[in-house]
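Working notes, beginning with the structure itself.
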Amino acid sequence: MTINNYINGIDTPPVHGRYIDGINPATGKIFAQVAASDAADVELAVQAAKKAFPSWSTMPPEQRFNILNGIAERILQKLDVLAEAESLDSGKTIKTARTIDIPRSALNFRFFATALLHFASESHYTQGQSLSVTLRQPLGIVGCISPWNLPLYLFSWKIVPALAAGNCVIGKPSEVTPYTASLLAEICQDAGLPPGVLTILHGLGHEVGAAIVAHPEIKAISFTGSTRAGAEIARIAAPMFKKLSLELGGKNPNLIFADCNYEEMLATTVRSSFNNQGQICLCGSRIYVEASIYDRFKQDFVSRVSALKVGLPTNDNSDLGAVVSQTHYDKILERIDIARQEGGIILCGGTKVEVEGEGSKGYYIAPTVIEGLPLNCRTNQEEIFGPVVTIQPFSTEEEALSLANGTSYGLSATVWTNNLSRAQRFSIELQAGIVWFNTWMMRDLRTPFGGVKDSGIGREGGWEALRFFSDTKNITFRI
Ligand code: NAD
């Protein structure tokens with residue numbers, strides 16, 4: 001299979017004819033040749049977007065709604081095909097893709113399609129003096145760059161608000177997981193999205209990604225990925241005064257107090273640790289447990305985690321599939337070795353998993369629980385982004401808080417407690433963009449999404465996203 005760019009509504013080979021391998025992580029086999037685009041392809045995309053912008057940005061909202069909502073409907077009609085493609089490309093179980101990734105991608109289209117019908121702006125009236133109107137206008141051409149962990153889900157989470165706000169979008173999915181974005185191109189064509197409104201460019205971050213960031217006619221960059229790449233993007237885009245939204249890495253804490261609803265906490269903590277092989281930016285990778293229930297938690301948690309089945313993503317019995325690539329697999333195993341060298345005790349997992357048959361060359365890692373490590377070690381400070389968590393007891397609220405806040409990241413935090421005043425205190429004191437109490441990954445798409453500290457700047461979701469993708473103009477009438 002060849003995965004080409006989608007430029008001007010047409011399947012377009014890369015200008016310089018270069019391709020990279022698309023690999024199925026469940027088997028280690030090459031299944032596609034993926035366009036390795038560069039600045040020349042970005043130039044083609046910008047020219048197509050410039051032509052499309054005048055009519056797209058002035059299209060009546062109802063018409064834009066119909067097209068975007070039509071894409072949502074078509075995604076749902078193709079649920080099974082897209083779920084299989086997502087699983088093949090990323091190693092996640094088909095079950096996960098079918099129940100989480102693809103339905104949420106459709107919802108992203110539907111949510112922002114309806115939002116654009118209600119997007120309004122403020123006016124400010126001073127009696128006898130002035131009436132000011134805040135006009136929101138699309139930026140023009142914007143760049144959206146997304147990672148591999150939730151491929152179509154995060155790609156659509158970025159491109160749809162940009163399109164809804166009237167922009168033309170140059171989107172770049174991860175080179176590691178390009179498949180569903182290429183299927184989305186066909187869906188967009190079928191749903192009547194005019195040529196040039198959405199371009200999808202494939203290829204490497206430091207080539208085509210960097211060329212998108214550096215192009216002077218691309219007015220904003222919305223990026224989700226590593227803190228390292230986010231810093232590089234900011235270095236190039238900031239002096240060009242581009243709008244920037246950066247959703248970056250995390251090292252999220254889970255704080256578990258003895259007064260929590262224990263069974264619910266336990267089941268959710270298994271999920272929040274190992275869902276999608278731990279490759280969700282919101283997964284809790286540092287688990288802190290009140291000392292009085294630490295031993296009970298440790299025993300129950302390790303027993304539940306040990307029972308999780310790692311296997312072929314196509315098998316409905318698999319709880320965990322493969323991690324996304326050979327590089328990532330090697331990195332995670334190396335990080336587990338570092339944890340050992342740092343004095344960590346591996347309570348379960350800690351090794352690769354051999355899957356027989358077609359999975360024998362795939363990238364499978366056992367869900368791993370480690371204890372006995374201090375806050376200030378690489379394992380507890382650096383993002384691993386795999387099926388690896390650490391557990392540690394705490395004695396006081398103060399200690400729990402300083403452990404939770406003790407990294408350079410600040411994406412999300414989860415607290416398990418039934419003590420209301422404690423919950424209120426933690427809701428204020430935790431350094432995170434998202435704080436969940438007695439739940440995890442419960443998302444209302446109207447709420448702001450993003451992190452503090454090294455987890456990024458800017459917020460996605462709801463009106464925040466539509467505002468990011470528009471410029472405000474203050475118009476004042478003297479009266
Ligand atoms: P990555 O930074 O390597 O790549 C992300 C995307 O950026 C890819 O499309 C890549 O090609 C591109 N890219 C890389 N370098 C670039 C550059 N110099 N210029 C332009 N584009 C560039 O990240 P990844 O490995 O694909 O994803 C995993 C990371 O994403 C983890 O750190 C994870 O925490 C983070 N993430 C964050 C969120 C969030 O909402 N905060 C969500 C999901 C994933």
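Here, A, B, ... name the chains of the structure tokens in the order displayed, residue numbers run from 1 inside each chain, and ligands are numbered from 1 in the same displayed order.
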### Task
Run DSSP on the backbone of this structure and report the residues of range 15-171 of chain A it assigns to alpha helix (DSSP H), as a PyMOL selection string.
chain A and resi 39-58+61-77+79-90+94-96+102-118+151-164
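Note that DSSP on the backbone gives strand (DSSP E) to these residues of range 103-197 of chain A: Ser123, His124, Tyr125, Thr126, Ser130, Leu131, Ser132, Val133, Thr134, Leu135, Arg136, Gln137, Pro138, Ile141, Val142, Gly143, Cys144, Ile145, Cys168, Val169, Ile170, Gly171 and Lys172 of chain A.
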### Within 8 Å of ligand 1, counting only C-alpha atoms and all ligand atoms, residues as a ChimeraX atom specification
/A:145-150,154,172-176,203-213,223-230,232-233,246-250,279-282,383,385,411,449-451,455-456
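Residues lying within 12 Å of Asn317 in chain A, counting only C-alpha atoms and ignoring same-chain neighbours fewer than 3 positions away, are Thr93, Ile94, Lys95, Thr96, Ala307, Leu308, Lys309, Val310, Gly311, Leu312, Pro313, Thr314, Leu320 and Gly321 of chain A.
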Write out the residues from the selection above, keeping N, CA and C atoms, as a CSV table (one decimal), in the first residue's frame.
chain,number,residue,atom,x,y,z
A,93,THR,N,-5.2,-2.3,20.6
A,93,THR,CA,-6.2,-3.4,20.3
A,93,THR,C,-7.3,-2.8,19.5
A,94,ILE,N,-7.9,-3.6,18.6
A,94,ILE,CA,-9.0,-3.2,17.8
A,94,ILE,C,-10.2,-2.7,18.7
A,95,LYS,N,-10.3,-3.4,19.9
A,95,LYS,CA,-11.3,-3.1,20.8
A,95,LYS,C,-11.2,-1.6,21.3
A,96,THR,N,-10.0,-1.2,21.6
A,96,THR,CA,-9.7,0.2,22.0
A,96,THR,C,-10.0,1.1,20.8
A,307,ALA,N,-2.8,-10.1,35.9
A,307,ALA,CA,-3.8,-10.8,35.2
A,307,ALA,C,-4.1,-10.2,33.8
A,308,LEU,N,-3.6,-9.0,33.5
A,308,LEU,CA,-3.9,-8.4,32.2
A,308,LEU,C,-3.2,-9.3,31.1
A,309,LYS,N,-3.9,-9.4,30.0
A,309,LYS,CA,-3.4,-10.2,28.9
A,309,LYS,C,-2.8,-9.3,27.9
A,310,VAL,N,-1.5,-9.7,27.5
A,310,VAL,CA,-0.9,-8.9,26.4
A,310,VAL,C,-0.9,-9.8,25.2
A,311,GLY,N,-1.3,-9.3,24.1
A,311,GLY,CA,-1.4,-10.2,22.9
A,311,GLY,C,-1.7,-9.5,21.7
A,312,LEU,N,-2.0,-10.2,20.6
A,312,LEU,CA,-2.3,-9.6,19.3
A,312,LEU,C,-3.5,-8.6,19.5
A,313,PRO,N,-3.3,-7.5,18.9
A,313,PRO,CA,-4.4,-6.4,19.0
A,313,PRO,C,-5.7,-6.9,18.3
A,314,THR,N,-5.6,-7.8,17.4
A,314,THR,CA,-6.8,-8.3,16.8
A,314,THR,C,-7.6,-9.3,17.6
A,320,LEU,N,-3.9,-5.6,26.5
A,320,LEU,CA,-2.8,-4.7,25.9
A,320,LEU,C,-2.4,-5.3,24.6
A,321,GLY,N,-2.2,-4.4,23.6
A,321,GLY,CA,-1.6,-4.8,22.4
A,321,GLY,C,-0.1,-4.6,22.4
### Task
Excluding Leu255 in chain A and any residue of its chain fewer than 6 positions from it, enumerate the residues within 12 Å of it, using only C-alpha atoms, and give them as a PyMOL selection string.
chain A and resi 265+269+284-291+294+391-405+412-417+422-423+426+430+435-440
Sorted per-residue table, range 150-210 of chain A near range 137-143 of chain A, closest atoms and distance, 10 Å, only C-alpha atoms, as JSON lines:
{"residue": "A:Lys158", "atom": "CA", "partner": "A:Gly143", "partner_atom": "CA", "distance": 9.3}
{"residue": "A:Ile159", "atom": "CA", "partner": "A:Gly143", "partner_atom": "CA", "distance": 8.5}
{"residue": "A:Ala162", "atom": "CA", "partner": "A:Val142", "partner_atom": "CA", "distance": 7.5}
{"residue": "A:Leu163", "atom": "CA", "partner": "A:Pro138", "partner_atom": "CA", "distance": 9.1}
{"residue": "A:Ala164", "atom": "CA", "partner": "A:Pro138", "partner_atom": "CA", "distance": 9.3}
{"residue": "A:Ala165", "atom": "CA", "partner": "A:Pro138", "partner_atom": "CA", "distance": 5.8}
{"residue": "A:Gly166", "atom": "CA", "partner": "A:Pro138", "partner_atom": "CA", "distance": 5.3}
{"residue": "A:Asn167", "atom": "CA", "partner": "A:Gly140", "partner_atom": "CA", "distance": 5.1}
{"residue": "A:Cys168", "atom": "CA", "partner": "A:Ile141", "partner_atom": "CA", "distance": 4.8}
{"residue": "A:Val169", "atom": "CA", "partner": "A:Val142", "partner_atom": "CA", "distance": 5.1}
{"residue": "A:Ile170", "atom": "CA", "partner": "A:Gly143", "partner_atom": "CA", "distance": 4.9}
{"residue": "A:Gly171", "atom": "CA", "partner": "A:Gly143", "partner_atom": "CA", "distance": 5.8}
{"residue": "A:Lys172", "atom": "CA", "partner": "A:Gly143", "partner_atom": "CA", "distance": 7.8}
{"residue": "A:Val197", "atom": "CA", "partner": "A:Ile141", "partner_atom": "CA", "distance": 9.0}
{"residue": "A:Leu198", "atom": "CA", "partner": "A:Ile141", "partner_atom": "CA", "distance": 9.7}
{"residue": "A:Thr199", "atom": "CA", "partner": "A:Gly143", "partner_atom": "CA", "distance": 9.6}
{"residue": "A:Gly209", "atom": "CA", "partner": "A:Gly143", "partner_atom": "CA", "distance": 9.0}
Output file for the residues above (N, CA, C and O atoms, as a CSV table (one decimal), in the first residue's frame):
chain,number,residue,atom,x,y,z
A,158,LYS,N,-7.6,18.6,16.5
A,158,LYS,CA,-6.9,19.8,16.1
A,158,LYS,C,-7.5,20.4,14.8
A,158,LYS,O,-7.8,21.6,14.8
A,159,ILE,N,-7.6,19.6,13.8
A,159,ILE,CA,-8.0,20.1,12.5
A,159,ILE,C,-9.4,20.6,12.5
A,159,ILE,O,-9.7,21.6,11.8
A,162,ALA,N,-10.1,24.2,13.7
A,162,ALA,CA,-9.4,25.1,12.8
A,162,ALA,C,-10.3,25.3,11.5
A,162,ALA,O,-10.5,26.4,11.1
A,163,LEU,N,-10.8,24.2,11.0
A,163,LEU,CA,-11.7,24.2,9.9
A,163,LEU,C,-13.0,24.9,10.2
A,163,LEU,O,-13.5,25.8,9.5
A,164,ALA,N,-13.6,24.6,11.4
A,164,ALA,CA,-14.9,25.2,11.8
A,164,ALA,C,-14.7,26.7,11.9
A,164,ALA,O,-15.7,27.4,11.6
A,165,ALA,N,-13.6,27.2,12.3
A,165,ALA,CA,-13.4,28.6,12.5
A,165,ALA,C,-13.1,29.3,11.1
A,165,ALA,O,-12.9,30.5,11.1
A,166,GLY,N,-13.1,28.5,10.0
A,166,GLY,CA,-13.0,29.1,8.7
A,166,GLY,C,-11.6,29.2,8.1
A,166,GLY,O,-11.3,29.9,7.1
A,167,ASN,N,-10.7,28.4,8.8
A,167,ASN,CA,-9.3,28.4,8.3
A,167,ASN,C,-9.1,27.3,7.2
A,167,ASN,O,-9.9,26.3,7.2
A,168,CYS,N,-8.0,27.4,6.5
A,168,CYS,CA,-7.6,26.3,5.7
A,168,CYS,C,-6.4,25.6,6.5
A,168,CYS,O,-5.6,26.3,7.1
A,169,VAL,N,-6.4,24.3,6.5
A,169,VAL,CA,-5.5,23.6,7.4
A,169,VAL,C,-4.5,22.7,6.6
A,169,VAL,O,-4.9,22.0,5.7
A,170,ILE,N,-3.3,22.8,7.1
A,170,ILE,CA,-2.3,21.9,6.6
A,170,ILE,C,-2.0,21.0,7.8
A,170,ILE,O,-1.4,21.4,8.8
A,171,GLY,N,-2.4,19.7,7.7
A,171,GLY,CA,-2.3,18.8,8.8
A,171,GLY,C,-1.2,17.8,8.6
A,171,GLY,O,-1.0,17.4,7.4
A,172,LYS,N,-0.5,17.5,9.7
A,172,LYS,CA,0.6,16.4,9.5
A,172,LYS,C,0.4,15.4,10.6
A,172,LYS,O,0.7,15.7,11.8
A,197,VAL,N,-9.0,23.0,1.2
A,197,VAL,CA,-9.3,23.4,2.5
A,197,VAL,C,-8.6,22.6,3.5
A,197,VAL,O,-8.1,23.2,4.5
A,198,LEU,N,-8.4,21.3,3.3
A,198,LEU,CA,-7.6,20.5,4.2
A,198,LEU,C,-6.5,19.8,3.4
A,198,LEU,O,-6.9,19.1,2.4
A,199,THR,N,-5.3,20.0,3.8
A,199,THR,CA,-4.2,19.3,3.2
A,199,THR,C,-3.7,18.3,4.2
A,199,THR,O,-3.6,18.7,5.4
A,209,GLY,N,7.5,18.4,9.0
A,209,GLY,CA,6.9,19.1,10.2
A,209,GLY,C,7.6,20.5,10.4
A,209,GLY,O,7.0,21.5,10.5
### Query
Smallest atom-to-atom distance to Ile23 in chain A: which of A:Ala35, A:Ile102, A:Leu420, A:Val324, using only C-alpha atoms?
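Comparing A:Ala35, A:Ile102, A:Leu420, A:Val324 against Ile23 in chain A, the winner is A:Val324.
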### Contacts of Arg98 in chain A at 8 Å (only C-alpha atoms; same-chain gap of 5+ positions) as a PyMOL selection string
chain A and resi 79-80+83+103
Same residues, N, CA, C and O atoms, saved as a PDB file, in the first residue's frame:
ATOM      1  N   LEU A  79     -16.731   2.740  10.817  1.00  0.00           N
ATOM      2  CA  LEU A  79     -16.132   2.455  12.129  1.00  0.00           C
ATOM      3  C   LEU A  79     -15.192   1.245  12.097  1.00  0.00           C
ATOM      4  O   LEU A  79     -14.048   1.321  12.556  1.00  0.00           O
ATOM      5  N   ASP A  80     -15.669   0.140  11.534  1.00  0.00           N
ATOM      6  CA  ASP A  80     -14.868  -1.089  11.591  1.00  0.00           C
ATOM      7  C   ASP A  80     -13.591  -0.973  10.761  1.00  0.00           C
ATOM      8  O   ASP A  80     -12.512  -1.370  11.200  1.00  0.00           O
ATOM      9  N   ALA A  83     -11.220   1.354  12.567  1.00  0.00           N
ATOM     10  CA  ALA A  83     -10.685   0.757  13.799  1.00  0.00           C
ATOM     11  C   ALA A  83      -9.599  -0.263  13.452  1.00  0.00           C
ATOM     12  O   ALA A  83      -8.544  -0.317  14.101  1.00  0.00           O
ATOM     13  N   PRO A 103     -14.852   6.413  17.529  1.00  0.00           N
ATOM     14  CA  PRO A 103     -16.053   7.174  17.921  1.00  0.00           C
ATOM     15  C   PRO A 103     -15.701   8.602  18.338  1.00  0.00           C
ATOM     16  O   PRO A 103     -16.403   9.554  18.011  1.00  0.00           O
TER      17      PRO A 103
END
Report as a PDB file with C-alpha atoms, in the first residue's frame all protein, DNA and RNA residues lying within 9 Å of range 358-367 of chain A, evaluated on only C-alpha atoms, omitting residues in the same chain fewer than 2 positions from it.
ATOM      1  CA  ASN A  24       2.645  -2.944  11.791  1.00  0.00           C
ATOM      2  CA  PRO A  25       3.918  -3.046  15.419  1.00  0.00           C
ATOM      3  CA  ALA A  26       1.949  -6.203  16.166  1.00  0.00           C
ATOM      4  CA  THR A  27       3.991  -8.198  13.640  1.00  0.00           C
ATOM      5  CA  GLY A  28       7.032  -6.015  12.916  1.00  0.00           C
ATOM      6  CA  LYS A  29       6.166  -6.264   9.191  1.00  0.00           C
ATOM      7  CA  GLY A  91      -0.526  -1.769  17.759  1.00  0.00           C
ATOM      8  CA  SER A 273      -2.036   3.100  34.166  1.00  0.00           C
ATOM      9  CA  PHE A 274      -2.226   0.707  31.222  1.00  0.00           C
ATOM     10  CA  GLN A 277      -0.274   0.298  26.710  1.00  0.00           C
ATOM     11  CA  GLY A 278       0.195   3.374  28.921  1.00  0.00           C
ATOM     12  CA  VAL A 305      -2.090  -6.011  36.661  1.00  0.00           C
ATOM     13  CA  SER A 306      -0.501  -9.466  36.496  1.00  0.00           C
ATOM     14  CA  LEU A 308      -3.879  -8.433  32.222  1.00  0.00           C
ATOM     15  CA  LYS A 309      -3.395 -10.231  28.919  1.00  0.00           C
ATOM     16  CA  VAL A 310      -0.854  -8.935  26.435  1.00  0.00           C
ATOM     17  CA  GLY A 311      -1.409 -10.224  22.929  1.00  0.00           C
ATOM     18  CA  LEU A 312      -2.324  -9.634  19.326  1.00  0.00           C
ATOM     19  CA  LEU A 320      -2.823  -4.708  25.931  1.00  0.00           C
ATOM     20  CA  GLY A 321      -1.583  -4.834  22.357  1.00  0.00           C
ATOM     21  CA  ALA A 322       1.834  -3.870  21.039  1.00  0.00           C
ATOM     22  CA  VAL A 323       3.665  -0.611  21.743  1.00  0.00           C
ATOM     23  CA  VAL A 324       3.907   1.611  18.727  1.00  0.00           C
ATOM     24  CA  SER A 325       7.360   0.991  17.226  1.00  0.00           C
ATOM     25  CA  GLN A 326      10.668  -0.783  17.589  1.00  0.00           C
ATOM     26  CA  HIS A 328       9.689   3.042  21.395  1.00  0.00           C
ATOM     27  CA  TYR A 329       9.868  -0.610  22.479  1.00  0.00           C
ATOM     28  CA  ASP A 330      13.646  -0.376  22.891  1.00  0.00           C
ATOM     29  CA  ILE A 332      10.738   1.493  27.249  1.00  0.00           C
ATOM     30  CA  LEU A 333      12.833  -1.622  27.954  1.00  0.00           C
ATOM     31  CA  CYS A 348       5.379  -7.368  38.103  1.00  0.00           C
ATOM     32  CA  GLY A 349       6.245  -7.178  34.412  1.00  0.00           C
ATOM     33  CA  GLY A 350       9.592  -5.616  33.609  1.00  0.00           C
ATOM     34  CA  THR A 351      10.150  -7.741  30.511  1.00  0.00           C
ATOM     35  CA  LYS A 352       9.139  -8.108  26.895  1.00  0.00           C
ATOM     36  CA  VAL A 353       6.346 -10.543  26.109  1.00  0.00           C
ATOM     37  CA  GLU A 354       6.778 -13.244  23.473  1.00  0.00           C
ATOM     38  CA  VAL A 355       3.612 -13.585  21.428  1.00  0.00           C
ATOM     39  CA  GLU A 356       3.460 -16.723  19.352  1.00  0.00           C
ATOM     40  CA  VAL A 369       4.804  -1.936  38.391  1.00  0.00           C
ATOM     41  CA  GLY A 386       4.615   3.072  28.066  1.00  0.00           C
ATOM     42  CA  PRO A 387       3.141   0.371  30.327  1.00  0.00           C
ATOM     43  CA  VAL A 388       5.284   1.322  33.325  1.00  0.00           C
ATOM     44  CA  VAL A 389       4.163   2.868  36.636  1.00  0.00           C
TER      45      VAL A 389
END
### 8 Å contact set for Phe65 in chain A, only C-alpha atoms, chain neighbours under 5 positions out, as a list of chain:residue names
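In the requested format, the answer is A:Ala113, A:Thr114, A:Leu116, A:Leu117, A:Ala164.
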So that I have them on file, write out the residues from the current selection with N, CA, C and O atoms, as a tab-separated table (two decimals), in the first residue's frame.
chain	number	residue	atom	x	y	z
A	113	ALA	N	-18.54	20.97	14.54
A	113	ALA	CA	-19.50	21.37	13.50
A	113	ALA	C	-20.66	22.12	14.15
A	113	ALA	O	-21.08	23.18	13.67
A	114	THR	N	-21.16	21.57	15.24
A	114	THR	CA	-22.28	22.25	15.91
A	114	THR	C	-21.79	23.53	16.60
A	114	THR	O	-22.50	24.53	16.61
A	116	LEU	N	-19.63	25.64	15.65
A	116	LEU	CA	-19.45	26.79	14.75
A	116	LEU	C	-20.78	27.52	14.53
A	116	LEU	O	-20.80	28.71	14.23
A	117	LEU	N	-21.89	26.79	14.70
A	117	LEU	CA	-23.20	27.43	14.54
A	117	LEU	C	-23.50	28.38	15.70
A	117	LEU	O	-24.36	29.25	15.59
A	164	ALA	N	-13.56	24.60	11.38
A	164	ALA	CA	-14.85	25.19	11.80
A	164	ALA	C	-14.74	26.71	11.90
A	164	ALA	O	-15.69	27.43	11.57
### Task
Select, from A:Ala267, A:Val15, A:Ile187, A:Leu152, the residue with the minimum atom-to-atom distance to Ala45 in chain A, counting only C-alpha atoms.
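Smallest separation from Ala45 in chain A among the options: A:Val15.
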### Query
Using only C-alpha atoms, which of the listed residues (A:Ile428, A:Ala32, A:Ala48, A:Met441) sits closest to Arg271 in chain A?
A:Met441
